[in-house]
$ cat my_file.cif   # mmCIF, C-alpha atoms
data_start
#
loop_
_atom_site.group_PDB
_atom_site.id
_atom_site.type_symbol
_atom_site.label_atom_id
_atom_site.label_comp_id
_atom_site.auth_asym_id
_atom_site.auth_seq_id
_atom_site.Cartn_x
_atom_site.Cartn_y
_atom_site.Cartn_z
ATOM 1 C CA MET A 20 -16.893 -8.463 20.974
ATOM 2 C CA THR A 21 -13.632 -6.736 20.121
ATOM 3 C CA PHE A 22 -11.730 -7.372 16.904
ATOM 4 C CA ILE A 23 -8.108 -6.290 17.212
ATOM 5 C CA CYS A 24 -6.365 -5.946 13.895
ATOM 6 C CA TYR A 25 -4.012 -4.034 11.649
ATOM 7 C CA PRO A 26 -6.307 -2.678 8.913
ATOM 8 C CA LYS A 27 -3.673 -3.066 6.177
ATOM 9 C CA CYS A 28 -3.115 -6.751 6.993
ATOM 10 C CA SER A 29 -4.665 -9.044 4.352
ATOM 11 C CA THR A 30 -5.513 -11.746 6.897
ATOM 12 C CA CYS A 31 -7.218 -9.185 9.133
ATOM 13 C CA LYS A 32 -9.212 -7.925 6.148
ATOM 14 C CA LYS A 33 -10.388 -11.458 5.311
ATOM 15 C CA VAL A 34 -11.422 -12.232 8.874
ATOM 16 C CA ARG A 35 -13.178 -8.855 9.192
ATOM 17 C CA GLU A 36 -15.136 -9.530 5.979
ATOM 18 C CA SER A 37 -16.101 -12.991 7.221
ATOM 19 C CA LEU A 38 -17.333 -11.619 10.557
ATOM 20 C CA LEU A 39 -19.367 -8.929 8.796
ATOM 21 C CA ALA A 40 -20.817 -11.433 6.308
ATOM 22 C CA GLN A 41 -22.038 -13.543 9.234
ATOM 23 C CA GLY A 42 -23.595 -10.563 10.955
ATOM 24 C CA VAL A 43 -21.212 -10.720 13.913
ATOM 25 C CA GLU A 44 -21.209 -7.410 15.755
ATOM 26 C CA PHE A 45 -17.848 -6.190 16.991
ATOM 27 C CA THR A 46 -15.832 -3.152 17.917
ATOM 28 C CA GLU A 47 -12.704 -2.793 15.826
ATOM 29 C CA ARG A 48 -9.390 -1.743 17.353
ATOM 30 C CA ASP A 49 -6.319 -0.839 15.295
ATOM 31 C CA ILE A 50 -3.396 -2.566 17.002
ATOM 32 C CA LYS A 51 -0.901 -0.025 15.673
ATOM 33 C CA LEU A 52 -2.817 3.061 16.837
ATOM 34 C CA ASP A 53 -4.117 1.552 20.091
ATOM 35 C CA ASN A 54 -1.334 -0.737 21.235
ATOM 36 C CA PRO A 55 -2.286 -3.411 23.796
ATOM 37 C CA THR A 56 -1.052 -2.685 27.294
ATOM 38 C CA GLU A 57 1.020 -5.110 29.292
ATOM 39 C CA ALA A 58 -1.972 -5.766 31.578
ATOM 40 C CA GLU A 59 -4.209 -6.536 28.586
ATOM 41 C CA LEU A 60 -1.621 -8.869 27.107
ATOM 42 C CA ARG A 61 -1.269 -10.731 30.405
ATOM 43 C CA GLU A 62 -5.049 -11.140 30.632
ATOM 44 C CA TRP A 63 -5.416 -12.273 27.014
ATOM 45 C CA HIS A 64 -2.535 -14.704 27.363
ATOM 46 C CA ALA A 65 -4.072 -16.275 30.471
ATOM 47 C CA LYS A 66 -7.499 -16.609 28.821
ATOM 48 C CA SER A 67 -6.161 -17.933 25.517
ATOM 49 C CA GLY A 68 -4.412 -21.001 26.889
ATOM 50 C CA LEU A 69 -1.660 -20.411 24.323
ATOM 51 C CA PRO A 70 2.064 -20.198 24.957
ATOM 52 C CA LEU A 71 3.204 -16.555 25.159
ATOM 53 C CA ARG A 72 5.379 -16.956 22.048
ATOM 54 C CA ARG A 73 2.159 -17.365 20.006
ATOM 55 C CA PHE A 74 1.373 -13.703 20.717
ATOM 56 C CA PHE A 75 4.414 -12.577 18.722
ATOM 57 C CA ASN A 76 4.020 -11.628 15.063
ATOM 58 C CA THR A 77 6.912 -13.822 13.935
ATOM 59 C CA SER A 78 6.451 -12.903 10.271
ATOM 60 C CA GLY A 79 6.660 -9.169 10.921
ATOM 61 C CA GLN A 80 9.558 -6.970 9.879
ATOM 62 C CA LEU A 81 10.045 -5.596 13.389
ATOM 63 C CA TYR A 82 10.269 -9.106 14.883
ATOM 64 C CA ARG A 83 12.940 -10.030 12.340
ATOM 65 C CA SER A 84 14.882 -6.760 12.608
ATOM 66 C CA LEU A 85 15.103 -7.159 16.393
ATOM 67 C CA GLY A 86 16.400 -10.728 16.020
ATOM 68 C CA LEU A 87 13.674 -12.017 18.316
ATOM 69 C CA ALA A 88 13.779 -15.593 17.037
ATOM 70 C CA LYS A 89 17.116 -15.931 18.849
ATOM 71 C CA ARG A 90 16.405 -13.543 21.735
ATOM 72 C CA LEU A 91 12.955 -14.726 22.941
ATOM 73 C CA PRO A 92 14.094 -18.044 24.455
ATOM 74 C CA GLU A 93 16.528 -16.095 26.665
ATOM 75 C CA MET A 94 13.934 -13.531 27.810
ATOM 76 C CA SER A 95 11.778 -13.762 30.932
ATOM 77 C CA GLU A 96 7.985 -13.599 30.593
ATOM 78 C CA ASP A 97 8.035 -10.113 32.109
ATOM 79 C CA GLU A 98 10.504 -8.975 29.446
ATOM 80 C CA GLN A 99 8.379 -10.549 26.707
ATOM 81 C CA TYR A 100 5.204 -8.832 27.941
ATOM 82 C CA ALA A 101 7.019 -5.488 28.108
ATOM 83 C CA LEU A 102 8.344 -5.980 24.583
ATOM 84 C CA LEU A 103 4.907 -6.893 23.188
ATOM 85 C CA ALA A 104 3.395 -3.852 24.881
ATOM 86 C CA SER A 105 6.047 -1.576 23.372
ATOM 87 C CA ASP A 106 4.773 -1.856 19.779
ATOM 88 C CA GLY A 107 1.528 -3.263 18.388
ATOM 89 C CA MET A 108 3.321 -4.478 15.281
ATOM 90 C CA LEU A 109 5.053 -7.125 17.402
ATOM 91 C CA VAL A 110 1.692 -8.638 18.378
ATOM 92 C CA LYS A 111 0.140 -11.474 16.387
ATOM 93 C CA ARG A 112 -3.109 -10.538 14.730
ATOM 94 C CA PRO A 113 -6.000 -10.672 14.365
ATOM 95 C CA ILE A 114 -7.184 -11.112 17.934
ATOM 96 C CA LEU A 115 -10.845 -11.565 18.799
ATOM 97 C CA LEU A 116 -12.029 -10.991 22.354
ATOM 98 C CA THR A 117 -15.417 -12.673 22.611
ATOM 99 C CA ASP A 118 -18.228 -11.554 24.872
ATOM 100 C CA ASP A 119 -17.993 -14.854 26.756
ATOM 101 C CA GLY A 120 -14.333 -14.239 27.646
ATOM 102 C CA ARG A 121 -12.516 -16.275 25.011
ATOM 103 C CA VAL A 122 -9.437 -14.951 23.228
ATOM 104 C CA LEU A 123 -8.783 -16.111 19.653
ATOM 105 C CA VAL A 124 -5.314 -15.273 18.306
ATOM 106 C CA GLY A 125 -3.965 -15.358 14.769
ATOM 107 C CA GLN A 126 -5.169 -16.691 11.477
ATOM 108 C CA THR A 127 -5.449 -20.324 12.568
ATOM 109 C CA ALA A 128 -8.026 -19.371 15.212
ATOM 110 C CA PHE A 129 -10.304 -18.212 12.401
ATOM 111 C CA GLY A 130 -10.424 -21.342 10.251
ATOM 112 C CA SER A 131 -13.537 -22.288 8.286
ATOM 113 C CA ASP A 132 -14.980 -24.339 11.159
ATOM 114 C CA CYS A 133 -14.320 -21.576 13.658
ATOM 115 C CA LEU A 134 -17.043 -19.230 12.472
ATOM 116 C CA ARG A 135 -19.754 -21.853 12.128
ATOM 117 C CA PRO A 136 -22.598 -21.279 14.636
ATOM 118 C CA GLN A 137 -22.346 -23.363 17.790
ATOM 119 C CA ALA A 138 -25.005 -25.968 18.426
ATOM 120 C CA ALA A 139 -25.176 -25.116 22.109
ATOM 121 C CA PRO A 140 -27.869 -22.657 23.166
ATOM 122 C CA GLY A 141 -26.487 -19.217 23.806
ATOM 123 C CA GLY A 142 -23.374 -19.887 21.704
ATOM 124 C CA SER A 143 -21.561 -16.897 20.292
ATOM 125 C CA GLY A 144 -21.495 -18.301 16.746
ATOM 126 C CA LEU A 145 -17.734 -18.654 16.962
ATOM 127 C CA CYS A 146 -15.551 -21.688 17.445
ATOM 128 C CA PRO A 147 -15.917 -23.503 20.744
ATOM 129 C CA ALA A 148 -13.363 -22.971 23.489
#
$ encode --input "my_file.cif" --output "structure tokens"
Amino acid sequence: MTFICYPKCSTCKKVRESLLAQGVEFTERDIKLDNPTEAELREWHAKSGLPLRRFFNTSGQLYRSLGLAKRLPEMSEDEQYALLASDGMLVKRPILLTDDGRVLVGQTAFGSDCLRPQAAPGGSGLCPA
């Protein structure tokens, strides 16, 4: 499992602590130091089932300073992927890439029910797809 975060982010810290407390093993990746590539973002987007706009960190300073709330609706998907890949601080976090191929994005993906063990045999212990 890969946990993609910004270590200074309070939400990322909380989710990280919760994963550790539950004994979930993961590799941590700092989104600012190891920015997602366009290919990774395309793959994660496809697997997540979320609209691409949900991958933007809409509360971030960079998002606001670039005026993206007004610009995104006018941009093509290719332009949005390129923009996301240009700076990790534009990407919503945390992101969890599970061993079974799921992609969980943002704080809401890590609600209290999400980390409860699955009843199904072989479950990852994370929220169902």
$ residues_around --input "my_file.cif" --residues "Gln126 (chain A)" --least-positions-apart "4" --cutoff "9 Å" --atoms "only C-alpha atoms" --output "list in words"
Thr30, Cys31, Val34, Lys111, Arg112, Pro113, Ile114 and Gly130 of chain A
$ resolve_selection --input "my_file.cif" --expression "the PyMOL selection byres ((chain A and resi 121) around 7)" --output "compact mmCIF listing (two decimals) with C-alpha atoms, in the frame of the given file"
# COMPACT_ATOMS: atom_id res chain seq x y z
CA LYS A 66 -7.50 -16.61 28.82
CA SER A 67 -6.16 -17.93 25.52
CA LEU A 116 -12.03 -10.99 22.35
CA THR A 117 -15.42 -12.67 22.61
CA ASP A 119 -17.99 -14.85 26.76
CA GLY A 120 -14.33 -14.24 27.65
CA VAL A 122 -9.44 -14.95 23.23
CA LEU A 123 -8.78 -16.11 19.65
CA ALA A 148 -13.36 -22.97 23.49
$ closest_residue --input "my_file.cif" --among "A:Leu102, A:Ala88, A:Ala40, A:Ile50" --to "Leu115 (chain A)" --atoms "all atoms listed in the file"
A:Ile50
$ atom_distance --input "my_file.cif" --atom1 "CA of Arg48 (chain A)" --atom2 "CA of Ser84 (chain A)"
25.2 Å
$ closest_atom_pairs --input "my_file.cif" --of "region 69-115 of chain A" --to "region 59-62 of chain A" --cutoff "9 Å" --atoms "all atoms listed in the file" --output "CSV"
residue,atom,partner,partner_atom,distance
A:Phe74,CA,A:Leu60,CA,8.6
A:Tyr100,CA,A:Leu60,CA,6.9
A:Leu103,CA,A:Leu60,CA,7.9
A:Ala104,CA,A:Leu60,CA,7.4
$ closest_residue --input "my_file.cif" --among "A:Leu71, A:Thr127, A:Thr56, A:Ser78" --to "Cys28 (chain A)" --atoms "only C-alpha atoms"
A:Ser78
$ resolve_selection --input "my_file.cif" --expression "the PyMOL selection byres ((chain A and resi 82) around 12)" --output "ChimeraX atom specification"
/A:72,74-81,83-91,102-103,106-111
$ atom_distance --input "my_file.cif" --atom1 "CA of Gly42 (chain A)" --atom2 "CA of His64 (chain A)"
27.0 Å
$ atom_distance --input "my_file.cif" --atom1 "CA of Lys27 (chain A)" --atom2 "CA of Glu96 (chain A)"
29.0 Å
$ resolve_selection --input "my_file.cif" --expression "the PyMOL selection byres ((chain A and resi 44) around 12)" --output "list in words"
Met20, Thr21, Phe22, Arg35, Glu36, Ser37, Leu38, Leu39, Ala40, Gln41, Gly42, Val43, Phe45, Thr46, Glu47, Leu115, Leu116, Thr117, Asp118, Ser143, Gly144 and Leu145 of chain A
$ write_last_selection --input "my_file.cif" --atoms "C-alpha atoms" --output "short mmCIF file (atom, residue, chain, number, x, y, z; two decimals), keeping the file's coordinate frame"
data_model
loop_
_atom_site.label_atom_id
_atom_site.label_comp_id
_atom_site.auth_asym_id
_atom_site.auth_seq_id
_atom_site.Cartn_x
_atom_site.Cartn_y
_atom_site.Cartn_z
CA MET A 20 -16.89 -8.46 20.97
CA THR A 21 -13.63 -6.74 20.12
CA PHE A 22 -11.73 -7.37 16.90
CA ARG A 35 -13.18 -8.86 9.19
CA GLU A 36 -15.14 -9.53 5.98
CA SER A 37 -16.10 -12.99 7.22
CA LEU A 38 -17.33 -11.62 10.56
CA LEU A 39 -19.37 -8.93 8.80
CA ALA A 40 -20.82 -11.43 6.31
CA GLN A 41 -22.04 -13.54 9.23
CA GLY A 42 -23.60 -10.56 10.96
CA VAL A 43 -21.21 -10.72 13.91
CA PHE A 45 -17.85 -6.19 16.99
CA THR A 46 -15.83 -3.15 17.92
CA GLU A 47 -12.70 -2.79 15.83
CA LEU A 115 -10.84 -11.56 18.80
CA LEU A 116 -12.03 -10.99 22.35
CA THR A 117 -15.42 -12.67 22.61
CA ASP A 118 -18.23 -11.55 24.87
CA SER A 143 -21.56 -16.90 20.29
CA GLY A 144 -21.50 -18.30 16.75
CA LEU A 145 -17.73 -18.65 16.96
#
$ axis_aligned_box --input "my_file.cif" --around "region 93-105 of chain A" --padding-each-side "5 Å" --output "lines of an AutoDock Vina configuration file"
center_x = 10.0
center_y = -8.8
center_z = 27.6
size_x = 23.1
size_y = 24.5
size_z = 18.9
